[in-house]
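Have a look at start.cif; it's mmCIF, C-alpha atoms:
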data_entry
loop_
_atom_site.label_atom_id
_atom_site.label_comp_id
_atom_site.auth_asym_id
_atom_site.auth_seq_id
_atom_site.Cartn_x
_atom_site.Cartn_y
_atom_site.Cartn_z
CA MET A 1 -56.33 -0.16 -240.79
CA ILE A 2 -58.00 -1.36 -243.97
CA ARG A 3 -57.62 0.03 -247.49
CA VAL A 4 -58.97 -0.87 -250.93
CA GLN A 5 -56.90 0.69 -253.71
CA THR A 6 -55.86 0.32 -257.35
CA GLU A 7 -52.24 1.31 -256.75
CA ASP A 8 -49.54 -1.01 -255.44
CA PHE A 9 -48.52 -0.98 -251.77
CA ASP A 10 -45.11 -0.93 -250.08
CA SER A 11 -45.26 -3.80 -247.61
CA GLY A 12 -41.95 -2.83 -245.98
CA ALA A 13 -43.13 0.72 -245.35
CA GLU A 14 -46.48 -0.52 -244.00
CA LEU A 15 -44.74 -2.88 -241.57
CA GLU A 16 -42.37 -0.15 -240.46
CA LYS A 17 -45.30 2.20 -239.78
CA MET A 18 -47.00 -0.57 -237.83
CA ARG A 19 -43.83 -1.30 -235.84
CA THR A 20 -43.21 2.32 -234.86
CA GLY A 21 -46.93 2.87 -234.10
CA CYS A 22 -46.93 -0.06 -231.67
CA ALA A 23 -43.52 0.65 -230.13
CA GLY A 24 -43.03 -1.17 -226.83
CA LYS A 25 -46.39 -2.97 -226.87
CA VAL A 26 -45.74 -5.60 -229.51
CA GLY A 27 -43.46 -8.64 -229.52
CA ALA A 28 -44.45 -10.03 -232.92
CA ILE A 29 -45.69 -8.90 -236.30
CA VAL A 30 -46.79 -11.54 -238.83
CA SER A 31 -47.67 -10.55 -242.38
CA PHE A 32 -48.94 -12.17 -245.59
CA ILE A 33 -48.68 -11.02 -249.21
CA GLY A 34 -50.89 -12.55 -251.90
CA LEU A 35 -49.61 -12.45 -255.51
CA VAL A 36 -50.96 -13.03 -259.02
CA ARG A 37 -49.67 -16.46 -260.01
CA ASP A 38 -49.28 -18.01 -263.44
CA LEU A 39 -51.69 -20.92 -263.17
CA ASN A 40 -55.18 -21.29 -261.73
CA GLN A 41 -57.31 -24.41 -262.15
CA GLY A 42 -55.13 -25.44 -265.11
CA ASN A 43 -55.45 -22.12 -266.94
CA GLN A 44 -52.42 -20.08 -267.93
CA ILE A 45 -52.97 -16.57 -266.54
CA SER A 46 -51.43 -13.48 -268.12
CA GLN A 47 -53.43 -10.84 -266.24
CA LEU A 48 -56.47 -10.52 -264.01
CA THR A 49 -58.94 -7.83 -263.07
CA LEU A 50 -60.39 -7.46 -259.59
CA GLU A 51 -63.86 -6.02 -259.15
CA HIS A 52 -65.34 -5.04 -255.78
CA TYR A 53 -68.50 -3.60 -254.24
CA PRO A 54 -67.53 -0.11 -253.01
CA GLY A 55 -68.94 0.42 -249.55
CA MET A 56 -69.74 -3.19 -248.74
CA THR A 57 -66.18 -4.39 -249.38
CA GLU A 58 -64.71 -1.87 -246.93
CA LYS A 59 -67.33 -2.79 -244.30
CA ALA A 60 -66.56 -6.49 -244.72
CA LEU A 61 -62.82 -5.88 -244.32
CA GLU A 62 -63.42 -3.68 -241.26
CA LYS A 63 -65.37 -6.56 -239.70
CA VAL A 64 -62.63 -9.12 -240.47
CA ALA A 65 -60.03 -6.83 -238.89
CA ALA A 66 -62.19 -5.98 -235.87
CA ASP A 67 -62.99 -9.66 -235.21
CA ALA A 68 -59.28 -10.56 -235.40
CA ILE A 69 -58.29 -7.71 -233.07
CA GLU A 70 -60.92 -8.75 -230.55
CA HIS A 71 -60.34 -12.51 -230.69
CA TRP A 72 -56.53 -12.48 -230.57
CA ASN A 73 -56.03 -9.25 -228.60
CA LEU A 74 -54.05 -7.62 -231.39
CA VAL A 75 -52.46 -4.24 -230.85
CA ASP A 76 -52.85 -3.40 -234.55
CA SER A 77 -53.85 -4.93 -237.87
CA ILE A 78 -53.53 -4.09 -241.56
CA ILE A 79 -55.56 -5.27 -244.54
CA ILE A 80 -54.79 -3.75 -247.95
CA HIS A 81 -56.51 -5.19 -251.02
CA ARG A 82 -55.97 -4.02 -254.57
CA VAL A 83 -58.64 -3.75 -257.28
CA GLY A 84 -58.51 -3.15 -261.03
CA PRO A 85 -56.12 -4.70 -263.56
CA LEU A 86 -53.20 -6.73 -262.16
CA MET A 87 -50.35 -8.43 -263.99
CA LEU A 88 -48.50 -11.66 -263.27
CA ASP A 89 -46.42 -11.41 -260.05
CA ASN A 90 -48.23 -8.23 -258.91
CA ARG A 91 -49.14 -7.91 -255.26
CA ILE A 92 -52.90 -8.38 -254.66
CA VAL A 93 -53.38 -8.32 -250.91
CA PHE A 94 -51.44 -7.51 -247.76
CA VAL A 95 -52.40 -8.61 -244.26
CA ALA A 96 -50.49 -8.01 -241.03
CA ALA A 97 -51.16 -8.66 -237.36
CA ALA A 98 -49.26 -7.10 -234.45
CA SER A 99 -49.49 -8.79 -231.08
CA PRO A 100 -47.57 -9.08 -227.80
CA HIS A 101 -46.87 -12.75 -228.64
CA ARG A 102 -46.11 -14.53 -231.93
CA LYS A 103 -48.73 -17.29 -231.64
CA ASN A 104 -51.63 -14.85 -231.72
CA ALA A 105 -50.02 -12.87 -234.54
CA PHE A 106 -49.71 -16.02 -236.69
CA LEU A 107 -53.26 -17.16 -235.96
CA ALA A 108 -54.81 -13.73 -236.51
CA CYS A 109 -52.95 -13.21 -239.79
CA GLU A 110 -54.16 -16.58 -241.10
CA TYR A 111 -57.72 -15.84 -239.93
CA MET A 112 -57.79 -12.47 -241.70
CA ILE A 113 -56.60 -13.75 -245.09
CA ASP A 114 -58.81 -16.87 -244.92
CA THR A 115 -61.89 -14.91 -243.88
CA LEU A 116 -61.54 -12.05 -246.33
CA LYS A 117 -61.40 -14.66 -249.12
CA THR A 118 -64.87 -15.92 -248.15
CA ASP A 119 -66.54 -12.79 -246.72
CA ALA A 120 -65.36 -9.73 -248.64
CA PRO A 121 -67.02 -8.95 -251.99
CA PHE A 122 -64.17 -9.12 -254.50
CA TRP A 123 -64.32 -10.95 -257.82
CA LYS A 124 -61.40 -12.01 -260.01
CA GLN A 125 -61.65 -12.14 -263.78
CA GLU A 126 -58.68 -13.86 -265.42
CA ASP A 127 -57.25 -13.34 -268.90
CA THR A 128 -56.41 -16.80 -270.26
CA PRO A 129 -55.31 -17.91 -273.76
CA VAL A 130 -58.97 -18.83 -274.46
CA GLY A 131 -60.42 -15.53 -273.26
CA LYS A 132 -61.63 -13.82 -270.09
CA ARG A 133 -63.01 -16.02 -267.36
CA TRP A 134 -64.61 -15.23 -263.98
CA VAL A 135 -62.89 -17.27 -261.29
CA GLY A 136 -65.19 -19.76 -259.59
CA THR A 137 -67.78 -19.99 -262.37
CA MET B 1 -87.56 3.60 -254.94
CA VAL B 2 -84.91 0.95 -254.37
CA GLN B 3 -81.39 0.84 -255.74
CA LEU B 4 -80.33 -2.38 -257.48
CA GLN B 5 -76.68 -3.37 -257.93
CA PHE B 6 -75.21 -6.25 -259.93
CA PHE B 7 -71.61 -7.41 -259.86
CA ALA B 8 -69.06 -9.52 -261.74
CA SER B 9 -70.49 -12.28 -263.99
CA ILE B 10 -74.09 -11.20 -263.24
CA ARG B 11 -73.40 -7.56 -264.16
CA GLU B 12 -71.72 -8.74 -267.34
CA ALA B 13 -74.56 -11.12 -268.29
CA LEU B 14 -77.19 -8.40 -267.73
CA GLY B 15 -75.17 -5.62 -269.32
CA VAL B 16 -76.16 -3.37 -266.42
CA GLY B 17 -74.42 -2.56 -263.14
CA ASP B 18 -77.10 -0.63 -261.30
CA GLU B 19 -80.68 0.50 -261.62
CA GLN B 20 -83.25 2.51 -259.70
CA LEU B 21 -86.61 0.80 -259.43
CA GLU B 22 -90.06 1.63 -258.07
CA LEU B 23 -90.79 -1.44 -255.96
CA PRO B 24 -93.69 -3.40 -257.51
CA GLU B 25 -96.79 -3.63 -255.24
CA ASP B 26 -96.66 -7.38 -254.61
CA VAL B 27 -92.91 -7.61 -254.02
CA ARG B 28 -91.91 -7.81 -250.35
CA THR B 29 -88.78 -9.98 -250.14
CA VAL B 30 -85.51 -10.24 -252.06
CA MET B 31 -86.54 -13.63 -253.46
CA GLU B 32 -89.81 -12.12 -254.76
CA LEU B 33 -87.86 -9.26 -256.33
CA ARG B 34 -85.45 -11.70 -257.94
CA TYR B 35 -88.36 -13.69 -259.45
CA TRP B 36 -89.96 -10.45 -260.61
CA LEU B 37 -86.74 -9.39 -262.35
CA GLN B 38 -86.36 -12.85 -263.93
CA GLN B 39 -89.69 -12.31 -265.76
CA ARG B 40 -88.17 -9.46 -267.77
CA SER B 41 -86.49 -11.63 -270.42
CA ALA B 42 -84.75 -14.95 -271.00
CA ASN B 43 -81.46 -13.14 -270.37
CA TRP B 44 -82.57 -11.82 -266.97
CA ASP B 45 -84.03 -15.20 -266.13
CA GLN B 46 -80.77 -16.96 -266.85
CA ALA B 47 -78.48 -14.37 -265.22
CA LEU B 48 -80.41 -14.49 -261.92
CA SER B 49 -81.25 -18.21 -261.89
CA GLY B 50 -78.06 -19.57 -260.27
CA THR B 51 -78.47 -21.31 -256.91
CA ASN B 52 -75.21 -19.86 -255.57
CA ILE B 53 -76.08 -16.19 -256.15
CA LEU B 54 -75.59 -14.05 -253.03
CA THR B 55 -77.81 -11.14 -252.03
CA ALA B 56 -77.00 -8.13 -249.87
CA ILE B 57 -79.33 -5.46 -248.55
CA ASN B 58 -77.60 -2.24 -247.57
CA HIS B 59 -74.20 -3.97 -247.64
CA GLU B 60 -75.26 -6.89 -245.40
CA LEU B 61 -75.62 -10.45 -246.75
CA VAL B 62 -79.22 -11.69 -246.42
CA GLN B 63 -81.30 -14.78 -247.16
CA GLY B 64 -84.08 -14.88 -249.76
CA ASP B 65 -86.85 -14.23 -247.23
CA ALA B 66 -85.36 -10.89 -246.15
CA ASN B 67 -87.82 -8.02 -246.43
CA ILE B 68 -87.22 -5.05 -248.69
CA THR B 69 -87.95 -1.52 -247.52
CA ASP B 70 -88.25 1.58 -249.67
CA GLY B 71 -84.82 3.21 -250.01
CA ASP B 72 -82.90 -0.07 -249.70
CA GLU B 73 -79.85 -0.88 -251.79
CA ILE B 74 -80.14 -4.48 -252.99
CA ALA B 75 -77.17 -6.23 -254.60
CA TRP B 76 -76.80 -9.58 -256.34
CA PHE B 77 -73.45 -11.18 -256.97
CA PRO B 78 -71.72 -14.54 -257.47
CA PRO B 79 -69.60 -16.19 -254.74
CA VAL B 80 -66.65 -13.96 -253.88
CA THR B 81 -63.13 -14.77 -255.12
CA GLY B 82 -60.82 -12.15 -253.63
CA GLY B 83 -57.59 -12.52 -251.69
#
Please, can you express the file's structure as structure tokens?
Amino acid sequence: MIRVQTEDFDSGAELEKMRTGCAGKVGAIVSFIGLVRDLNQGNQISQLTLEHYPGMTEKALEKVAADAIEHWNLVDSIIIHRVGPLMLDNRIVFVAAASPHRKNAFLACEYMIDTLKTDAPFWKQEDTPVGKRWVGT
Amino acid sequence: MVQLQFFASIREALGVGDEQLELPEDVRTVMELRYWLQQRSANWDQALSGTNILTAINHELVQGDANITDGDEIAWFPPVTGG
């Protein structure tokens, strides 16, 4: 399951849905939550805004999830990524992998967060004391 | 007609997020279209001159020599920074 949304997510509820949906088939669920932190490349961050490319972003996330499911034989996967304005400490992204064994769940979870960071069209713009700044420019 | 899309720092520099365009006669590839757009003004030239700009046709990343077909959606954007 992948979702791109402005609203926050409830990671506990998502994991519980995943657990009950996979009942009996899964021995391990590994999840990752990415947060807005206070410092990036030396800049004090008060807020950031996430932009995405509607249509292409969802396709890119679907591919990341499908590749992980295929490569590590996952029973289920979740990728939720927020867009729009986000404050310090807000949740940005949630990734979870459900597998019969923990090793594959760990590896698949790491693959999904690493790959979405390079392959999915999202862009962060940070609010710093010296003005707005696109990350990576 | 083709649909153009610009994102993040490029959208901001151009002051435009999307545009419909009748494909010029001599433009066949995304690199040719990018050069053609850069001729519009110094601002367009600068906004689209970066070497790390990515291009997608119909939501798929492509290289500069990719051909454009009528009806395509062509997007330019900087390296992605999500997650």
Worksheet item: chain A residues within 12 Å of chain B, counting all atoms listed in the file: which ones, as a ChimeraX atom specification?
Response: /A:4,32-36,48-61,63,79-84,91-95,110,112-126,132-137
Worksheet entry | Near-Gln3 (chain B) list (6 Å; only C-alpha atoms; drop same-chain fewer than 5 positions) as a PyMOL selection string | chain B and resi 19-20+73
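Here the question is which of B:Leu21, B:Val27, B:Leu48, B:Ala42 gets nearest to Ile68 (chain B) using all atoms listed in the file, and that residue is B:Val27.
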Worksheet item: For this file, the PyMOL selection byres ((chain B and resi 24) around 12) selects which residues, as a list in words?
Response: Met1, Val2, Leu21, Glu22, Leu23, Glu25, Asp26, Val27, Arg28, Thr29, Val30, Glu32, Leu33, Arg34, Tyr35, Trp36, Leu37, Ile68, Thr69 and Asp70 of chain B
Residues within 7 Å of (-81.0, -14.3, -254.5), file coordinates, counting only C-alpha atoms: what are they? Give the list as an mmCIF file with C-alpha atoms, in the frame of the given file.
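Output file result-v1.cif is given in full below:
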data_model
loop_
_atom_site.group_PDB
_atom_site.id
_atom_site.type_symbol
_atom_site.label_atom_id
_atom_site.label_comp_id
_atom_site.auth_asym_id
_atom_site.auth_seq_id
_atom_site.Cartn_x
_atom_site.Cartn_y
_atom_site.Cartn_z
ATOM 1 C CA VAL B 30 -85.510 -10.240 -252.060
ATOM 2 C CA MET B 31 -86.540 -13.630 -253.460
ATOM 3 C CA ARG B 34 -85.450 -11.700 -257.940
ATOM 4 C CA ILE B 53 -76.080 -16.190 -256.150
ATOM 5 C CA LEU B 54 -75.590 -14.050 -253.030
ATOM 6 C CA THR B 55 -77.810 -11.140 -252.030
ATOM 7 C CA GLY B 64 -84.080 -14.880 -249.760
ATOM 8 C CA TRP B 76 -76.800 -9.580 -256.340
#
Item to complete: Taking the file above as input, evaluate the PyMOL selection byres ((chain A and resi 73) around 12) and report the hits as a PyMOL selection string.
Response: chain A and resi 25-26+65-72+74-77+97-105+107-108
Those residues with C-alpha atoms, as a short mmCIF file (atom, residue, chain, number, x, y, z; two decimals), in the coordinates of the input please?
data_model
loop_
_atom_site.label_atom_id
_atom_site.label_comp_id
_atom_site.auth_asym_id
_atom_site.auth_seq_id
_atom_site.Cartn_x
_atom_site.Cartn_y
_atom_site.Cartn_z
CA LYS A 25 -46.39 -2.97 -226.87
CA VAL A 26 -45.74 -5.60 -229.51
CA ALA A 65 -60.03 -6.83 -238.89
CA ALA A 66 -62.19 -5.98 -235.87
CA ASP A 67 -62.99 -9.66 -235.21
CA ALA A 68 -59.28 -10.56 -235.40
CA ILE A 69 -58.29 -7.71 -233.07
CA GLU A 70 -60.92 -8.75 -230.55
CA HIS A 71 -60.34 -12.51 -230.69
CA TRP A 72 -56.53 -12.48 -230.57
CA LEU A 74 -54.05 -7.62 -231.39
CA VAL A 75 -52.46 -4.24 -230.85
CA ASP A 76 -52.85 -3.40 -234.55
CA SER A 77 -53.85 -4.93 -237.87
CA ALA A 97 -51.16 -8.66 -237.36
CA ALA A 98 -49.26 -7.10 -234.45
CA SER A 99 -49.49 -8.79 -231.08
CA PRO A 100 -47.57 -9.08 -227.80
CA HIS A 101 -46.87 -12.75 -228.64
CA ARG A 102 -46.11 -14.53 -231.93
CA LYS A 103 -48.73 -17.29 -231.64
CA ASN A 104 -51.63 -14.85 -231.72
CA ALA A 105 -50.02 -12.87 -234.54
CA LEU A 107 -53.26 -17.16 -235.96
CA ALA A 108 -54.81 -13.73 -236.51
#
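Between CA of Ala13 (chain A) and CA of Leu39 (chain A) the interatomic distance comes to 29.3 Å.
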Practice prompt. Mind giving me the straight-line distance from CA of Ile2 (chain A) to CA of Asp127 (chain A) in Å, one decimal?
Written response: 27.7 Å
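Between Ile29 (chain A) and the residues A:Gln5, A:Ala96, A:Val130, A:Ser46, the shortest atom-to-atom distance, using only C-alpha atoms, involves A:Ala96.
Across the structure, CA of Ile45 (chain A) and CA of Leu86 (chain A) are spaced 10.8 Å apart.
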